[in-house]
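Here the structure is laid out as structure tokens; the discussion comes afterwards.
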Amino acid sequence: MSAPSPHRPPRTRTVVLFAVLAAVAAGLGTLVLVRADAGLTARQVTVGGVPMTEVRAGPPTPGVRRPGVVIAHGFAGSAQLMRPIADTVARRGAVALLFDFAGHGANPARLPGAGSNTSAATLDADLDAAVGYLRSRPDVDADGIVLVGHSMGAGAVTRYATGHPEIARTVAISLPEAGELPPGRPTELLLIVGGAEFPAFRRAADDAARRGASTGRRSAVVVPGVEHISVLFAARTHREIADWLPGGDGTTRPRPIARLAGAALLVFAFGIGVVPLAALLLPRRATGRRPTDPPSGREPDAPAQTDSPALSGDQVPFGGLLLLFGLAALSAVVGAAVAAVLPTARLPLAVGGHVAGFLLVTGVLLVAGQRWLPGWLGVSQPPPGTPVSGGRRATARTAVATLALTGYAVLAVALPIHLGLTSALPVGARWWLLPLVAGACLLFLLGVELVAAGRTGRHLLVVAVTVVVLTASTMVGLAPGFVVLVVPLFALLLGWQAAWATVLRRYAGPRWLPAVLGAALVGWPIATTLPLS
């Protein structure tokens, strides 16, 4: 008697339950995001080619001037990422101004030498445009301008405040280095660093605090339990910034994770919403069958057979797992080595070009390994699933399902990120970079799908090995150091894709469909959030 198929579609009641849960989560997420804007007004402007967002609590009051706060994001950040800080200072009575540096967010201009000291002039020019605009606002106190910056932005605001003594106060979050700060300038400087950040950031904060201890007011604050990104969403960070404002009249308690919580609910809604959507668009797979043929459409060498208890689910001989691990590791290691010498820097996408090159080479090797060494993986190729018959009608249905699910995947990843985390809309060169990056992701995920042979456990093994090798490549200098900061998000996106692949395999769709959706899930954030250079 054959074992139950791990690819049996969910029952109707389960599908309905997932649909209801997705609708409830989407509604709650939308409500949380709407409430995050309560009492605030935001105005979009562009000055000198720099996109800016002015945030305030209530309309300007005639005759009353407020402190003005210019907020600068870090490398691969955006104005959207810093919006919670703008909300906090606006509710404390200040006028906040967010802006996108060149190559970031909604700014289509490229940042020369992104990630290096050669970009300083461009950063200073963009910051100067933001300060000049905020000073021109009729209800802003020109003598009460405060600069807040994170990481790369922290370096920019401290450098700017050093040369502009009229700046009232400065806040540097995760300052990369203090080498350019002369003793005593800026005089009013608050340094914030996460307790779980790399030691270099803590040393930079301590060094900067010591240099000005005798000539000005400087304070270094360590926020426990947070790293380089989560420090922006820590309540302690927001309280320290709000208390540093000159003459703020608000007392509202900060809500730094409100937008993030709303976005998380939307991610959950979109994540489980694929279950009812797949049930609606894709035909059911016959009971007892496994995933469909390889994308080439060739019948595998092994005859079709039903599932057997010996190799059901993800059960694979230990030797086969070792060979699979070896193939994944070899592919990723070679991919890392080749990506280090490929001319990926010619792509105007800092860090993203390297990651795309790594995925492209790794994917090619995985596909080649599956085609040339299928017997070495310890299991035969999966038998064919139930074919989708019907000629043109079936082809049309597959095309419609693919387009609908791919569009859903783009919406699922872009909307929550853009509303609750950072800018995720393509501008400028990102429009033509997007298909290139998505193509590299598609080839990699197709290779994963082939060597995993429709098994979730094997899929996760290959993905985990790839993530570990990519992380290790930054430690040995084969990849840009910033890659290590985006690896957690990269791993989450690959895990999301693996979960969706498990759902899609339960239906009689094309075997390449999980890879197509995964290319959207992983490729879109890489192409739209990493800096243009």
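Residues are named by chain letter and number: chains run A, B, ... in the order of the structure tokens, numbers start at 1 in each chain, and ligands are numbered from 1 in the order shown.
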
Name the residues of stretch 329-454 of chain A that come out as alpha helix (DSSP H) in a backbone DSSP run; write them as a ChimeraX atom specification.
/A:329-341,352-372,392-420,430-452

Keeping only C-alpha atoms, write those residues as a CSV table (one decimal), in the first residue's frame.
```
chain,number,residue,atom,x,y,z
A,329,ALA,CA,28.5,23.8,-1.3
A,330,LEU,CA,30.7,23.4,-4.3
A,331,SER,CA,28.3,25.4,-6.5
A,332,ALA,CA,28.0,28.2,-3.9
A,333,VAL,CA,31.8,28.3,-3.2
A,334,VAL,CA,32.6,28.5,-6.9
A,335,GLY,CA,29.8,31.1,-7.3
A,336,ALA,CA,31.4,33.2,-4.6
A,337,ALA,CA,34.9,33.0,-6.1
A,338,VAL,CA,33.7,33.7,-9.7
A,339,ALA,CA,31.4,36.6,-8.5
A,340,ALA,CA,34.5,38.2,-6.9
A,341,VAL,CA,36.2,38.6,-10.3
A,352,GLY,CA,23.3,44.1,-5.7
A,353,GLY,CA,25.4,43.5,-8.7
A,354,HIS,CA,27.7,41.2,-6.8
A,355,VAL,CA,24.8,39.3,-5.2
A,356,ALA,CA,23.2,38.9,-8.7
A,357,GLY,CA,26.5,37.5,-10.1
A,358,PHE,CA,26.8,35.1,-7.2
A,359,LEU,CA,23.3,33.7,-7.7
A,360,LEU,CA,23.7,33.5,-11.4
A,361,VAL,CA,26.9,31.4,-11.3
A,362,THR,CA,25.6,29.3,-8.4
A,363,GLY,CA,22.4,28.6,-10.3
A,364,VAL,CA,24.2,27.6,-13.5
A,365,LEU,CA,26.3,25.1,-11.5
A,366,LEU,CA,23.2,23.7,-9.7
A,367,VAL,CA,21.4,23.2,-13.0
A,368,ALA,CA,24.5,21.6,-14.5
A,369,GLY,CA,24.9,19.3,-11.5
A,370,GLN,CA,21.3,18.1,-11.8
A,371,ARG,CA,21.6,17.4,-15.5
A,372,TRP,CA,25.1,15.7,-15.4
A,392,ARG,CA,-4.4,25.6,-25.9
A,393,ARG,CA,-7.0,25.9,-23.1
A,394,ALA,CA,-4.6,24.4,-20.6
A,395,THR,CA,-1.7,26.5,-21.9
A,396,ALA,CA,-3.8,29.7,-21.6
A,397,ARG,CA,-4.8,28.7,-18.0
A,398,THR,CA,-1.2,28.2,-17.1
A,399,ALA,CA,-0.2,31.5,-18.6
A,400,VAL,CA,-3.0,33.3,-16.7
A,401,ALA,CA,-2.1,31.6,-13.4
A,402,THR,CA,1.6,32.4,-13.9
A,403,LEU,CA,0.9,36.1,-14.6
A,404,ALA,CA,-1.6,36.4,-11.7
A,405,LEU,CA,0.7,34.7,-9.2
A,406,THR,CA,3.8,36.6,-10.3
A,407,GLY,CA,1.9,39.9,-10.0
A,408,TYR,CA,0.7,38.7,-6.5
A,409,ALA,CA,4.3,37.9,-5.5
A,410,VAL,CA,5.5,41.4,-6.6
A,411,LEU,CA,2.7,43.0,-4.6
A,412,ALA,CA,3.3,40.7,-1.6
A,413,VAL,CA,6.9,41.8,-1.3
A,414,ALA,CA,6.9,45.4,-2.5
A,415,LEU,CA,3.8,46.8,-0.7
A,416,PRO,CA,4.7,45.8,2.9
A,417,ILE,CA,8.3,46.8,2.4
A,418,HIS,CA,7.4,50.2,0.9
A,419,LEU,CA,4.7,51.0,3.5
A,420,GLY,CA,6.5,49.8,6.6
A,430,ARG,CA,16.3,50.3,-11.5
A,431,TRP,CA,13.7,49.6,-14.2
A,432,TRP,CA,16.2,47.9,-16.5
A,433,LEU,CA,18.2,46.5,-13.6
A,434,LEU,CA,15.1,44.7,-12.2
A,435,PRO,CA,14.8,42.1,-15.0
A,436,LEU,CA,18.6,41.4,-14.9
A,437,VAL,CA,18.5,40.8,-11.1
A,438,ALA,CA,15.3,38.8,-11.3
A,439,GLY,CA,16.8,36.7,-14.1
A,440,ALA,CA,19.8,35.8,-11.9
A,441,CYS,CA,17.4,34.9,-9.1
A,442,LEU,CA,15.3,32.8,-11.4
A,443,LEU,CA,18.2,30.7,-12.6
A,444,PHE,CA,19.4,30.1,-9.1
A,445,LEU,CA,15.9,29.1,-7.8
A,446,LEU,CA,15.4,26.9,-10.8
A,447,GLY,CA,18.6,25.1,-10.0
A,448,VAL,CA,17.4,24.7,-6.4
A,449,GLU,CA,14.1,23.3,-7.5
A,450,LEU,CA,15.8,20.8,-9.8
A,451,VAL,CA,18.3,19.4,-7.4
A,452,ALA,CA,15.7,19.4,-4.6
```

Which residues are near stretch 148-160 of chain A? Cut-off 8 Å, only C-alpha atoms, ignore same chain within fewer than 6 positions. Put them as a ChimeraX atom specification.
/A:69-75,120,123-124,127,170-177,180-181,186

Quick one: of A:Ile167, A:Val140, A:Leu265, A:Leu189, who's nearest to A:Leu28, counting only C-alpha atoms?
A:Leu265

Distance query stretch 54-58 of chain A at most 8 Å, only C-alpha atoms, self and fewer than 3 positions along chain excluded, as an MDAnalysis selection string:
chainID A and resid 39:45 86:87 90:91 93:98

Filtering to C-alpha atoms, could you give me those residues as a PDB file, in the first residue's frame?
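Everything below was put into result20.pdb:
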```pdb
ATOM      1  CA  GLY A  39      -2.307  63.427  13.744  1.00  0.00           C
ATOM      2  CA  LEU A  40       0.500  63.840  11.200  1.00  0.00           C
ATOM      3  CA  THR A  41       0.675  65.504   7.807  1.00  0.00           C
ATOM      4  CA  ALA A  42       3.284  64.706   5.170  1.00  0.00           C
ATOM      5  CA  ARG A  43       4.188  66.842   2.166  1.00  0.00           C
ATOM      6  CA  GLN A  44       6.316  65.611  -0.742  1.00  0.00           C
ATOM      7  CA  VAL A  45       8.653  68.041  -2.490  1.00  0.00           C
ATOM      8  CA  ALA A  86      10.306  61.689  11.799  1.00  0.00           C
ATOM      9  CA  ASP A  87       6.998  60.690  13.403  1.00  0.00           C
ATOM     10  CA  ALA A  90       7.030  65.699  14.787  1.00  0.00           C
ATOM     11  CA  ARG A  91       4.856  64.574  17.685  1.00  0.00           C
ATOM     12  CA  GLY A  93       6.624  69.640  18.301  1.00  0.00           C
ATOM     13  CA  ALA A  94       9.347  69.768  15.643  1.00  0.00           C
ATOM     14  CA  VAL A  95       9.130  69.891  11.850  1.00  0.00           C
ATOM     15  CA  ALA A  96      10.878  66.824  10.408  1.00  0.00           C
ATOM     16  CA  LEU A  97      12.398  66.634   6.955  1.00  0.00           C
ATOM     17  CA  LEU A  98      13.303  63.306   5.382  1.00  0.00           C
TER      18      LEU A  98
END
```

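Take atom CA of A:Gly132 and atom CA of A:Pro112: the distance between them is 22.7 Å.
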
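Residue nearest A:His228 within the list A:Met52, A:Arg202, A:Arg65, A:Ala178: A:Arg202 [criterion: smallest interatomic distance, only C-alpha atoms].
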
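Using only C-alpha atoms for every distance, the candidate list A:Val503, A:Leu421, A:Ala519, A:Ala38 yields A:Val503 as the residue closest to A:Ile272.
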
Between atom CA of A:Gly518 and atom CA of A:Gln497, what is the distance, to one decimal in Å?
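About the pair atom CA of A:Gly518 and atom CA of A:Gln497: they are 5.2 Å apart.
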
If you measure from atom CA of A:His164 to atom CA of A:Val193, what distance in Å do you get, rounded to one decimal?
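About the pair atom CA of A:His164 and atom CA of A:Val193: they are 23.9 Å apart.
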